[in-house]
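Participant: Please find one structure pasted underneath; my questions will follow.
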Amino acid sequence: MGLESAQSLALWAAFWAAVLSFRRCASEPAGALRFVLALVCGAVFAHVGWALLHLPRVSRHPAILLDASRGFTLLTVPLGVLLAIPWRRSRGDRDRFLASALRALPLAFAVAKLGCLAAGCCRGLPMDRFWGVVSASTPPLHPTVLYEAAGFTLLHAALRHRSDAWVTPVFAFGFGAIRLFVEPLRAPPPLGEPAIPVAVLAAAWLVASLLLAGCVSLEATSRLRRRMRDLPRFEERVRVQERETVPGQQRV
């Protein structure tokens with residue numbers, strides 16, 4: 001099996017891992033078709049995002065953009081999920097779809113990274129540790145794709161038992177943190193350093209996670225305050241009902 005075939009097989013395996021994980025997490029199996037649309041949009045964003053990162057080179061050689069196998073970046077894949085959210089439905093439906101979709105992505109990313117390992121792309125910098133990846137033409141290298149795969153597997157486990165409200169900020173934080181940790185260990189890509197530093201995009205996911213966490217916390221605090229305001233009214237209604245209850249009619 002060739003390197004490109006191995007990577008293509010890993011991408012298909014990642015696709016089905018995402019779909020099956022979504023069906024297991026989603027309360028409405030009918031949303032699977034919308035999630036497939038999200039994955040297709042995410043694949044488009046992955047290639048377009050890669051082209052924007054290497055815009056000077058792509059602008060000189062536009063034919064590169066037409067070859068989807070030339071490159072992609074995971075940093076823009078979640079944008080496909082945002083595009084596929086059922087915005088016309090209720091907020092509860094939107095939140096459930098987004099949470100189920102984001103729970104399904106990390107495992108798929110981990111599987112896709114195994115394809116990068118098979119294809120020999122996304123290599124790391126040279127290292128002198130025993131766990132380095134060794135090949136006939138290179139010294140031991142940091143197994144950056146395995147670092148990312150392990151990180152995405154841990155993120156998948158972390159999201160499984162989070163409430164729907166906290167899935168989005170936790171995903172954004174983990175997604176950005178994984179790439180921010182691995183980026184200094186990665187070798188320069190074949191097209192050279194990106195026009196936009198990848199670390200900046202990873203940090204943007206971290207900033208977004210903090211903003212989202214703040215919004216979730218504010219909303220939870222607001223709900224708690226409303227309940228506290230309603231508590232005296234509830235207690236007063238209970239006292240009134242107790243005074244109006246006839247002892248002979250009380251149920252045992």
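Naming works like this for the structure tokens: A, B, ... for the chains as they're shown, residue 1 at the start of each chain, ligands 1 onward in shown order.
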I'd like the neighbourhood of His47 (chain A) as a PDB file with N, CA and C atoms, in the first residue's frame, where a residue qualifies if any of its atoms comes within 7 Å (using only C-alpha atoms), though same-chain residues fewer than 3 positions away should be ignored.

Facilitator:
ATOM      1  N   ALA A  43     -13.855  19.742   5.676  1.00  0.00           N
ATOM      2  CA  ALA A  43     -12.790  19.351   4.748  1.00  0.00           C
ATOM      3  C   ALA A  43     -12.449  20.489   3.790  1.00  0.00           C
ATOM      4  N   VAL A  44     -13.472  21.202   3.333  1.00  0.00           N
ATOM      5  CA  VAL A  44     -13.227  22.353   2.460  1.00  0.00           C
ATOM      6  C   VAL A  44     -12.459  23.437   3.218  1.00  0.00           C
ATOM      7  N   TRP A  50      -5.412  25.882   4.759  1.00  0.00           N
ATOM      8  CA  TRP A  50      -4.016  25.600   4.398  1.00  0.00           C
ATOM      9  C   TRP A  50      -3.539  26.542   3.300  1.00  0.00           C
ATOM     10  N   ALA A  51      -4.393  26.812   2.309  1.00  0.00           N
ATOM     11  CA  ALA A  51      -4.021  27.719   1.226  1.00  0.00           C
ATOM     12  C   ALA A  51      -3.794  29.140   1.745  1.00  0.00           C
ATOM     13  N   ALA A  68      -6.498  18.943  -3.798  1.00  0.00           N
ATOM     14  CA  ALA A  68      -6.849  18.875  -2.381  1.00  0.00           C
ATOM     15  C   ALA A  68      -5.893  18.008  -1.577  1.00  0.00           C
ATOM     16  N   GLY A  71      -2.368  19.568   0.681  1.00  0.00           N
ATOM     17  CA  GLY A  71      -2.227  20.019   2.062  1.00  0.00           C
ATOM     18  C   GLY A  71      -3.553  20.399   2.686  1.00  0.00           C
ATOM     19  N   PHE A  72      -3.606  20.337   3.996  1.00  0.00           N
ATOM     20  CA  PHE A  72      -4.781  20.770   4.746  1.00  0.00           C
ATOM     21  C   PHE A  72      -4.333  21.065   6.175  1.00  0.00           C
ATOM     22  N   THR A  73      -5.157  21.772   6.910  1.00  0.00           N
ATOM     23  CA  THR A  73      -4.886  22.071   8.311  1.00  0.00           C
ATOM     24  C   THR A  73      -6.123  21.772   9.147  1.00  0.00           C
TER      25      THR A  73
END

Participant: For Ala84 (chain A), please output as a list of chain:residue names all residues within 9 Å (counting only C-alpha atoms; exclusion window: fewer than 5 positions along the same chain).

Facilitator: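 Near Ala84 (chain A), the qualifying residues are A:Arg34, A:Phe35, A:Leu37, A:Ala38, A:Leu39, A:Cys41, A:Leu79.
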
Participant: Considering only C-alpha atoms, can you say which of A:Val170, A:Leu224, A:Ala112, A:Ala63 comes closest to Leu11 (chain A)?

Facilitator: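 Checking each of A:Val170, A:Leu224, A:Ala112, A:Ala63 against Leu11 (chain A), counting only C-alpha atoms, the winner is A:Ala112.
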
Participant: Pick the closest to Ala165 (chain A) from A:Ile85, A:Val200, A:Leu212, A:Ala108: which is it, counting only C-alpha atoms?

Facilitator: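 Among A:Ile85, A:Val200, A:Leu212, A:Ala108, it is A:Leu212 that comes nearest to Ala165 (chain A).
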
Participant: Find the residues around region 129-139 of chain A up to 12 Å (only C-alpha atoms counted), leave out those fewer than 4 positions away in its own chain, and share them as an mmCIF file with C-alpha atoms, in the first residue's frame.

Facilitator:
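The new file selection21.cif reads:
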data_model
loop_
_atom_site.group_PDB
_atom_site.id
_atom_site.type_symbol
_atom_site.label_atom_id
_atom_site.label_comp_id
_atom_site.auth_asym_id
_atom_site.auth_seq_id
_atom_site.Cartn_x
_atom_site.Cartn_y
_atom_site.Cartn_z
ATOM 1 C CA LEU A 117 2.272 9.151 10.415
ATOM 2 C CA ALA A 118 1.888 6.593 7.628
ATOM 3 C CA GLY A 120 5.475 10.692 6.680
ATOM 4 C CA ARG A 123 7.298 15.606 10.832
ATOM 5 C CA GLY A 124 8.953 16.778 14.007
ATOM 6 C CA LEU A 125 12.350 18.265 14.712
ATOM 7 C CA PRO A 143 6.713 11.951 16.859
ATOM 8 C CA THR A 144 4.564 15.078 16.688
ATOM 9 C CA VAL A 145 1.651 13.286 15.031
ATOM 10 C CA LEU A 146 1.574 10.800 17.914
ATOM 11 C CA TYR A 147 1.667 13.684 20.390
ATOM 12 C CA LEU A 185 8.400 20.609 17.982
#

Participant: Using only C-alpha atoms, find the one residue out of A:Pro189, A:Ala46, A:Ala149, A:Gly92 that sits nearest to Cys122 (chain A).

Facilitator: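 Closest to Cys122 (chain A), using only C-alpha atoms: A:Pro189.
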
Participant: Can I get the residues of region 110-205 of chain A within 9 Å of region 12-23 of chain A, each with the closest pair of atoms and their distance in Å to one decimal, using only C-alpha atoms, sorted chain first then ascending number, as JSON lines?

Facilitator:
{"residue": "A:Ala110", "atom": "CA", "partner": "A:Ala14", "partner_atom": "CA", "distance": 7.8}
{"residue": "A:Val111", "atom": "CA", "partner": "A:Ala14", "partner_atom": "CA", "distance": 5.2}
{"residue": "A:Ala112", "atom": "CA", "partner": "A:Ala14", "partner_atom": "CA", "distance": 5.4}
{"residue": "A:Lys113", "atom": "CA", "partner": "A:Ala14", "partner_atom": "CA", "distance": 9.0}

Participant: Compile the contact shell of Phe152 (chain A) as a PyMOL selection string: residues with an atom at most 7 Å away, counting only C-alpha atoms, same-chain residues fewer than 5 positions apart removed.

Facilitator: chain A and resi 106-107+109-110

Participant: What's the separation between CA of Ala101 (chain A) and CA of Cys25 (chain A), in Å to one decimal place?

Facilitator: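 Computed distance, CA of Ala101 (chain A) to CA of Cys25 (chain A), equals 8.3 Å.
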
Participant: Using only C-alpha atoms, find the one residue out of A:Gln7, A:His142, A:Leu206, A:Ala158 that sits nearest to Met127 (chain A).

Facilitator: A:His142

Participant: Would you please give, as a PyMOL selection string, all residues of region 26-222 of chain A that DSSP assigns to alpha helix (DSSP H) based on the backbone?

Facilitator: chain A and resi 32-53+55-60+63-66+78-84+91-119+144-160+164-182+198-222

Participant: Could you check how far CA of Ala104 (chain A) sits from CA of Arg88 (chain A), in Å to one decimal?

Facilitator: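 These atoms are spaced 22.6 Å apart.
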
Participant: Given only C-alpha atoms as the basis, pick out the residue of A:Leu210, A:Leu159, A:Leu65, A:Ala32 nearest to Val48 (chain A).

Facilitator: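 For Val48 (chain A), the nearest of the candidates is A:Leu65.
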
Participant: For the atom pair CA of His156 (chain A) and CA of Ser217 (chain A), what is the interatomic distance in Å to one decimal place?

Facilitator: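 Those two atoms sit 22.2 Å apart.
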
Participant: I need the residue nearest Arg179 (chain A) from this list: A:Arg94, A:Ala150, A:Leu75, A:Ala213. Use only C-alpha atoms for the distance.

Facilitator: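 So, comparing all the options, the nearest one is A:Leu75.
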